[in-house]
>>> print(open('work.csv').read())   # CSV, C-alpha atoms
chain,number,residue,atom,x,y,z
A,1,MET,CA,33.9,-4.6,15.2
A,2,ASP,CA,34.1,-7.5,17.8
A,3,LYS,CA,37.4,-9.3,17.8
A,4,ALA,CA,37.4,-12.9,19.2
A,5,PRO,CA,39.8,-15.8,18.9
A,6,LEU,CA,39.4,-18.2,16.0
A,7,THR,CA,38.3,-21.0,18.3
A,8,GLU,CA,35.4,-18.9,19.5
A,9,HIS,CA,34.3,-18.2,16.0
A,10,LEU,CA,34.5,-21.9,15.2
A,11,VAL,CA,32.4,-22.8,18.3
A,12,GLU,CA,29.8,-20.2,17.3
A,13,LEU,CA,29.7,-21.6,13.8
A,14,ARG,CA,29.2,-25.1,15.1
A,15,ASN,CA,26.4,-24.0,17.4
A,16,ARG,CA,24.6,-22.2,14.6
A,17,ILE,CA,24.9,-25.1,12.3
A,18,VAL,CA,23.6,-27.5,15.0
A,19,ILE,CA,20.6,-25.2,15.6
A,20,SER,CA,19.9,-25.1,11.8
A,21,LEU,CA,20.2,-28.8,11.5
A,22,ILE,CA,17.8,-29.5,14.4
A,23,LEU,CA,15.2,-27.3,12.8
A,24,VAL,CA,15.7,-28.9,9.4
A,25,LEU,CA,15.3,-32.4,10.9
A,26,ALA,CA,12.2,-31.3,12.7
A,27,ALA,CA,10.7,-29.9,9.5
A,28,PHE,CA,11.9,-33.0,7.6
A,29,ALA,CA,9.9,-35.3,10.0
A,30,THR,CA,6.7,-33.2,9.3
A,31,SER,CA,7.4,-32.9,5.6
A,32,PHE,CA,7.9,-36.7,5.3
A,33,TYR,CA,4.5,-37.3,6.8
A,34,PHE,CA,2.9,-35.1,4.0
A,35,SER,CA,5.3,-36.3,1.3
A,36,GLU,CA,2.5,-37.8,-0.7
A,37,ASN,CA,0.7,-34.5,-0.9
A,38,LEU,CA,4.0,-32.7,-1.8
A,39,PHE,CA,4.6,-35.2,-4.5
A,40,ASP,CA,1.1,-34.6,-6.0
A,41,LEU,CA,1.9,-30.9,-5.9
A,42,LEU,CA,5.2,-31.4,-7.7
A,43,THR,CA,3.5,-33.3,-10.5
A,44,MET,CA,1.4,-30.3,-11.5
A,45,PRO,CA,3.9,-28.9,-14.0
A,46,ILE,CA,3.9,-32.2,-15.9
A,47,HIS,CA,0.1,-32.3,-16.2
A,48,ASN,CA,-0.5,-28.6,-16.7
A,49,THR,CA,0.8,-25.7,-18.6
A,50,VAL,CA,0.7,-22.0,-17.9
A,51,SER,CA,-1.7,-19.9,-20.0
A,52,PHE,CA,-1.9,-16.1,-20.1
A,53,SER,CA,-4.9,-13.9,-20.8
A,54,ILE,CA,-5.6,-10.2,-21.1
A,55,HIS,CA,-8.6,-10.7,-18.8
A,56,ASN,CA,-8.8,-11.7,-15.2
A,57,PRO,CA,-7.3,-14.2,-14.2
A,58,PHE,CA,-4.3,-13.1,-16.2
A,59,ILE,CA,-2.3,-16.3,-15.5
A,60,PHE,CA,-3.9,-19.7,-15.0
A,61,PHE,CA,-3.2,-23.4,-15.4
A,62,SER,CA,-4.7,-25.3,-18.3
A,63,PRO,CA,-4.2,-29.0,-19.2
A,64,GLY,CA,-0.8,-29.8,-20.7
A,65,ALA,CA,0.1,-31.9,-23.7
A,66,ASN,CA,0.3,-35.1,-21.4
A,67,PRO,CA,-2.4,-34.7,-18.7
A,68,ASP,CA,-2.6,-38.4,-18.1
A,69,LEU,CA,1.1,-39.1,-18.1
A,70,LYS,CA,2.1,-41.5,-15.3
A,71,LEU,CA,5.5,-41.5,-13.7
A,72,VAL,CA,7.3,-44.8,-13.2
A,73,PHE,CA,10.1,-46.0,-11.0
A,74,ILE,CA,12.8,-48.3,-12.4
A,75,ALA,CA,14.7,-49.2,-9.2
A,76,PRO,CA,13.3,-50.8,-6.0
A,77,ALA,CA,14.3,-47.9,-3.7
A,78,GLU,CA,13.6,-45.1,-6.2
A,79,ALA,CA,10.1,-44.3,-4.9
A,80,VAL,CA,11.4,-44.2,-1.3
A,81,TRP,CA,14.3,-41.9,-2.1
A,82,MET,CA,11.9,-39.7,-4.0
A,83,HIS,CA,9.9,-39.1,-0.9
A,84,ILE,CA,13.0,-38.5,1.1
A,85,LYS,CA,14.3,-35.9,-1.4
A,86,ILE,CA,11.0,-34.1,-1.5
A,87,SER,CA,10.8,-34.0,2.3
A,88,PHE,CA,14.4,-32.8,2.8
A,89,ILE,CA,14.1,-30.0,0.2
A,90,SER,CA,10.7,-29.0,1.6
A,91,ALA,CA,12.3,-28.9,5.1
A,92,PHE,CA,15.1,-26.7,3.9
A,93,ILE,CA,12.7,-24.2,2.3
A,94,VAL,CA,10.5,-24.1,5.4
A,95,SER,CA,13.6,-23.6,7.6
A,96,SER,CA,15.2,-21.0,5.3
A,97,PRO,CA,14.2,-18.0,7.5
A,98,ILE,CA,16.0,-19.5,10.5
A,99,ILE,CA,19.0,-20.5,8.4
A,100,PHE,CA,19.3,-17.0,7.0
A,101,TYR,CA,19.0,-15.6,10.6
A,102,GLU,CA,21.7,-17.9,11.9
A,103,THR,CA,23.9,-16.9,8.9
A,104,TRP,CA,23.5,-13.2,9.7
A,105,GLY,CA,24.1,-13.9,13.4
A,106,PHE,CA,27.5,-15.4,12.4
A,107,ILE,CA,28.7,-12.6,10.2
A,108,ALA,CA,27.2,-9.7,12.3
A,109,PRO,CA,30.1,-9.5,14.7
A,110,GLY,CA,32.4,-8.6,11.8
A,111,LEU,CA,30.2,-5.6,10.9
A,112,LEU,CA,30.0,-2.1,12.3
A,113,GLU,CA,27.5,-1.4,15.0
A,114,LYS,CA,25.2,0.6,12.6
A,115,GLU,CA,25.3,-2.2,10.1
A,116,ARG,CA,24.0,-4.8,12.5
A,117,LYS,CA,20.6,-3.2,12.5
A,118,TYR,CA,20.0,-4.7,9.1
A,119,ALA,CA,19.4,-8.1,10.6
A,120,ILE,CA,15.6,-8.2,10.2
A,121,PRO,CA,15.7,-6.6,6.7
A,122,PHE,CA,18.3,-9.1,5.7
A,123,VAL,CA,16.4,-12.1,6.9
A,124,PHE,CA,13.1,-10.9,5.5
A,125,THR,CA,14.6,-9.9,2.1
A,126,THR,CA,16.6,-13.1,1.6
A,127,THR,CA,13.7,-15.3,2.7
A,128,PHE,CA,11.3,-13.4,0.4
A,129,LEU,CA,13.6,-13.6,-2.6
A,130,PHE,CA,14.3,-17.2,-2.1
A,131,LEU,CA,10.7,-18.1,-1.8
A,132,LEU,CA,9.8,-15.8,-4.7
A,133,GLY,CA,12.4,-17.5,-6.9
A,134,SER,CA,11.2,-21.0,-6.0
A,135,LEU,CA,7.5,-20.0,-6.6
A,136,PHE,CA,8.4,-18.3,-9.9
A,137,CYS,CA,10.1,-21.5,-11.0
A,138,PHE,CA,7.2,-23.7,-10.0
A,139,ILE,CA,4.4,-21.6,-11.4
A,140,ILE,CA,6.0,-20.2,-14.5
A,141,VAL,CA,9.2,-21.9,-15.6
A,142,LEU,CA,8.6,-25.6,-14.8
A,143,PRO,CA,5.2,-25.9,-16.5
A,144,PHE,CA,6.5,-24.0,-19.6
A,145,ALA,CA,9.7,-26.1,-19.7
A,146,MET,CA,7.9,-29.5,-19.2
A,147,ASN,CA,5.3,-28.7,-21.9
A,148,PHE,CA,8.0,-27.7,-24.3
A,149,LEU,CA,10.3,-30.6,-23.7
A,150,LEU,CA,7.5,-33.2,-23.8
A,151,THR,CA,6.0,-31.8,-27.1
A,152,TYR,CA,9.0,-30.8,-29.1
A,153,LYS,CA,9.3,-33.3,-32.0
A,154,THR,CA,7.8,-36.1,-29.9
A,155,GLU,CA,4.8,-37.0,-32.2
A,156,ASN,CA,6.1,-40.6,-32.7
A,157,LEU,CA,7.5,-41.0,-29.2
A,158,GLN,CA,5.9,-42.2,-26.0
A,159,PRO,CA,7.2,-40.4,-22.8
A,160,MET,CA,8.1,-42.7,-20.0
A,161,ILE,CA,9.7,-40.7,-17.2
A,162,SER,CA,11.1,-42.2,-14.0
A,163,VAL,CA,9.9,-40.5,-10.8
A,164,GLY,CA,13.5,-40.1,-9.6
A,165,ASN,CA,14.6,-38.2,-12.7
A,166,TYR,CA,11.5,-36.0,-12.7
A,167,ILE,CA,11.8,-35.1,-9.0
A,168,ASP,CA,15.6,-34.4,-9.4
A,169,PHE,CA,14.8,-32.2,-12.4
A,170,CYS,CA,12.1,-30.2,-10.5
A,171,LEU,CA,14.0,-29.8,-7.2
A,172,LYS,CA,17.2,-28.7,-8.9
A,173,PHE,CA,15.3,-26.2,-10.9
A,174,ILE,CA,13.4,-24.9,-7.9
A,175,LEU,CA,16.5,-24.6,-5.6
A,176,SER,CA,18.6,-23.0,-8.4
A,177,PHE,CA,16.0,-20.3,-9.0
A,178,GLY,CA,15.7,-19.7,-5.3
A,179,ALA,CA,19.4,-19.2,-5.1
A,180,ILE,CA,19.8,-16.9,-8.1
A,181,PHE,CA,17.0,-14.7,-6.8
A,182,GLU,CA,19.4,-13.8,-4.0
A,183,LEU,CA,21.6,-12.1,-6.5
A,184,PRO,CA,20.4,-8.5,-5.7
A,185,VAL,CA,21.1,-9.1,-2.0
A,186,VAL,CA,24.7,-10.4,-2.8
A,187,ILE,CA,25.3,-7.3,-5.0
A,188,VAL,CA,24.1,-4.9,-2.3
A,189,PHE,CA,26.2,-6.7,0.3
A,190,LEU,CA,29.3,-6.4,-1.9
A,191,THR,CA,28.6,-2.8,-2.5
A,192,ARG,CA,28.1,-2.0,1.2
A,193,MET,CA,31.4,-3.8,1.9
A,194,GLY,CA,33.1,-1.6,-0.7
A,195,ILE,CA,34.2,-4.6,-2.9
A,196,VAL,CA,32.3,-3.4,-5.9
A,197,THR,CA,30.6,-0.2,-7.0
A,198,PRO,CA,27.4,0.4,-9.0
A,199,GLU,CA,29.4,2.1,-11.7
A,200,THR,CA,31.7,-0.9,-12.0
A,201,LEU,CA,28.7,-3.3,-12.2
A,202,ALA,CA,27.1,-1.2,-14.9
A,203,LYS,CA,30.3,-0.9,-16.9
A,204,ASN,CA,30.7,-4.7,-16.9
A,205,ARG,CA,27.1,-5.3,-17.9
A,206,LYS,CA,28.1,-7.1,-21.1
A,207,TYR,CA,30.2,-9.6,-19.2
A,208,SER,CA,27.2,-10.3,-16.9
A,209,VAL,CA,25.3,-11.7,-19.9
A,210,LEU,CA,28.1,-14.2,-20.6
A,211,VAL,CA,28.3,-15.2,-16.9
A,212,ALA,CA,24.5,-15.5,-16.8
A,213,PHE,CA,24.5,-18.1,-19.6
A,214,ILE,CA,27.5,-19.9,-18.0
A,215,LEU,CA,25.6,-20.1,-14.7
A,216,GLY,CA,22.5,-21.2,-16.6
A,217,ALA,CA,24.5,-24.1,-18.1
A,218,ILE,CA,25.9,-25.1,-14.8
A,219,LEU,CA,22.7,-24.8,-12.7
A,220,THR,CA,20.2,-26.3,-15.0
A,221,PRO,CA,19.7,-30.1,-14.6
A,222,THR,CA,19.8,-30.6,-18.4
A,223,PRO,CA,22.4,-29.4,-20.9
A,224,ASP,CA,20.0,-28.1,-23.6
A,225,ALA,CA,20.1,-24.4,-24.6
A,226,PHE,CA,16.3,-24.0,-23.9
A,227,ASN,CA,16.6,-24.6,-20.1
A,228,GLN,CA,19.8,-22.6,-20.0
A,229,THR,CA,18.1,-19.6,-21.5
A,230,LEU,CA,15.1,-20.0,-19.0
A,231,MET,CA,17.6,-19.5,-16.2
A,232,ALA,CA,20.0,-17.0,-17.8
A,233,VAL,CA,17.3,-14.4,-18.6
A,234,PRO,CA,16.2,-14.0,-14.9
A,235,ILE,CA,19.8,-13.8,-13.8
A,236,ILE,CA,20.3,-10.9,-16.2
A,237,VAL,CA,17.2,-9.1,-14.9
A,238,LEU,CA,18.2,-9.7,-11.3
A,239,TYR,CA,21.7,-8.3,-12.1
A,240,GLU,CA,20.1,-5.1,-13.3
A,241,ALA,CA,17.9,-5.1,-10.2
A,242,GLY,CA,21.0,-5.5,-8.1
A,243,ILE,CA,22.7,-2.5,-9.8
A,244,LEU,CA,19.6,-0.4,-9.0
A,245,ALA,CA,19.5,-1.6,-5.4
A,246,SER,CA,23.2,-1.0,-5.0
A,247,LYS,CA,22.8,2.6,-6.1
A,248,ILE,CA,20.2,3.1,-3.4
A,249,PHE,CA,22.0,1.3,-0.6
A,250,LYS,CA,25.6,2.0,-1.4
A,251,LYS,CA,27.8,3.3,1.5
A,252,LYS,CA,28.0,7.1,1.4
A,253,LYS,CA,31.4,8.7,1.5
A,254,PRO,CA,32.1,10.8,4.6
A,255,VAL,CA,31.8,14.5,3.9
A,256,VAL,CA,35.1,16.3,4.4
A,257,GLU,CA,34.6,19.8,5.6
A,258,LYS,CA,36.8,22.4,4.0
A,259,ALA,CA,38.9,24.6,6.3
A,260,GLU,CA,38.0,28.2,6.1
>>> encode(input="work.csv", output="structure tokens")
Amino acid sequence: MDKAPLTEHLVELRNRIVISLILVLAAFATSFYFSENLFDLLTMPIHNTVSFSIHNPFIFFSPGANPDLKLVFIAPAEAVWMHIKISFISAFIVSSPIIFYETWGFIAPGLLEKERKYAIPFVFTTTFLFLLGSLFCFIIVLPFAMNFLLTYKTENLQPMISVGNYIDFCLKFILSFGAIFELPVVIVFLTRMGIVTPETLAKNRKYSVLVAFILGAILTPTPDAFNQTLMAVPIIVLYEAGILASKIFKKKKPVVEKAE
């Protein structure tokens, strides 16, 4: 492992943060130009619902319960802030491969030489899982959640949703799912570091269910049990996937040769 003074590590951390911020700002400028298109894309879950079929296509969008619902803004700057939020989160997602690469570049000096070769697999896996989680949320979870929330006992009610509340709801959900899909990577990393073992993780499986629902309550933008469950179930599945991956990639114990 490389040993360097604390000041050098702090300077390196600052440089990597600056590089990441520059890329995020560049992506933000581009995203802001297309923010209207991104907004139209984000309104799909409120106008459509996900349908399943035993025939091809197996998953498709169909009109939701409120296909003509219009979002409103109730503060003068709400619409502007909406475009800024969409652009910033989009810029973060687009820049995520570089952010993950810079993160690995910072922690790599503390690893063994043979462990540094995992840079490309780490960047690829973390980026793929983050995008997969965000896409899973946008295609499956959000349309299902919006259709349920806008139709459950609302026969005599007229929905009037502010654009700021809707965008916050969607973006928090998307980022949260992108983050929790990194769980297998975190588990494998902790296993490689020797902090946990697959056996310990499997033994404490029952506690993971409780933690999953607690995280679901914390990460979901609304306090209802429905959205909490929508997030808790994928966490439980990802925990099991992490256990399986940790068994495959766990650090092997050195073989001690017996003296003859």
>>> atom_distance(input="work.csv", atom1="atom CA of Gly105 of chain A", atom2="atom CA of Ser87 of chain A")
26.5 Å
>>> closest_residue(input="work.csv", among="A:Ile99, A:Ile46, A:Ile93, A:Leu69", to="Arg16 of chain A", atoms="only C-alpha atoms")
A:Ile99
>>> atom_distance(input="work.csv", atom1="atom CA of Ser20 of chain A", atom2="atom CA of Ser96 of chain A")
9.0 Å
>>> closest_residue(input="work.csv", among="A:Leu21, A:Ala202, A:Val11, A:Phe106", to="Glu240 of chain A", atoms="all atoms listed in the file")
A:Ala202
>>> residues_around(input="work.csv", residues="Gly164 of chain A", least_positions_apart="5", cutoff="10 Å", atoms="only C-alpha atoms", output="number ranges by chain")
A: 71-75, 77-83, 85, 169
>>> closest_residue(input="work.csv", among="A:Leu23, A:Leu42, A:Ile180, A:Ile161", to="Leu132 of chain A", atoms="only C-alpha atoms")
A:Ile180
>>> atom_distance(input="work.csv", atom1="atom CA of His9 of chain A", atom2="atom CA of Ala108 of chain A")
11.7 Å
>>> closest_residue(input="work.csv", among="A:Thr103, A:Thr30, A:Thr125, A:Asn56", to="Glu12 of chain A", atoms="all atoms listed in the file")
A:Thr103
>>> residues_around(input="work.csv", residues="segment 223-238 of chain A", least_positions_apart="3", cutoff="10 Å", atoms="all atoms listed in the file", output="PyMOL selection string")
chain A and resi 133+137+141-142+144-145+148-149+173+176-177+180-185+187+205-206+208-220+241-244
>>> axis_aligned_box(input="work.csv", around="segment 189-203 of chain A", padding_each_side="6 Å", output="lines of an AutoDock Vina configuration file")
center_x = 30.2
center_y = -2.3
center_z = -7.5
size_x = 20.0
size_y = 20.8
size_z = 30.8
>>> closest_residue(input="work.csv", among="A:Gly178, A:Cys170, A:Ala119, A:Val94", to="Ser134 of chain A", atoms="all atoms listed in the file")
A:Gly178
>>> closest_residue(input="work.csv", among="A:Leu131, A:Ile174, A:Ala245, A:Leu13", to="Val186 of chain A", atoms="all atoms listed in the file")
A:Ala245
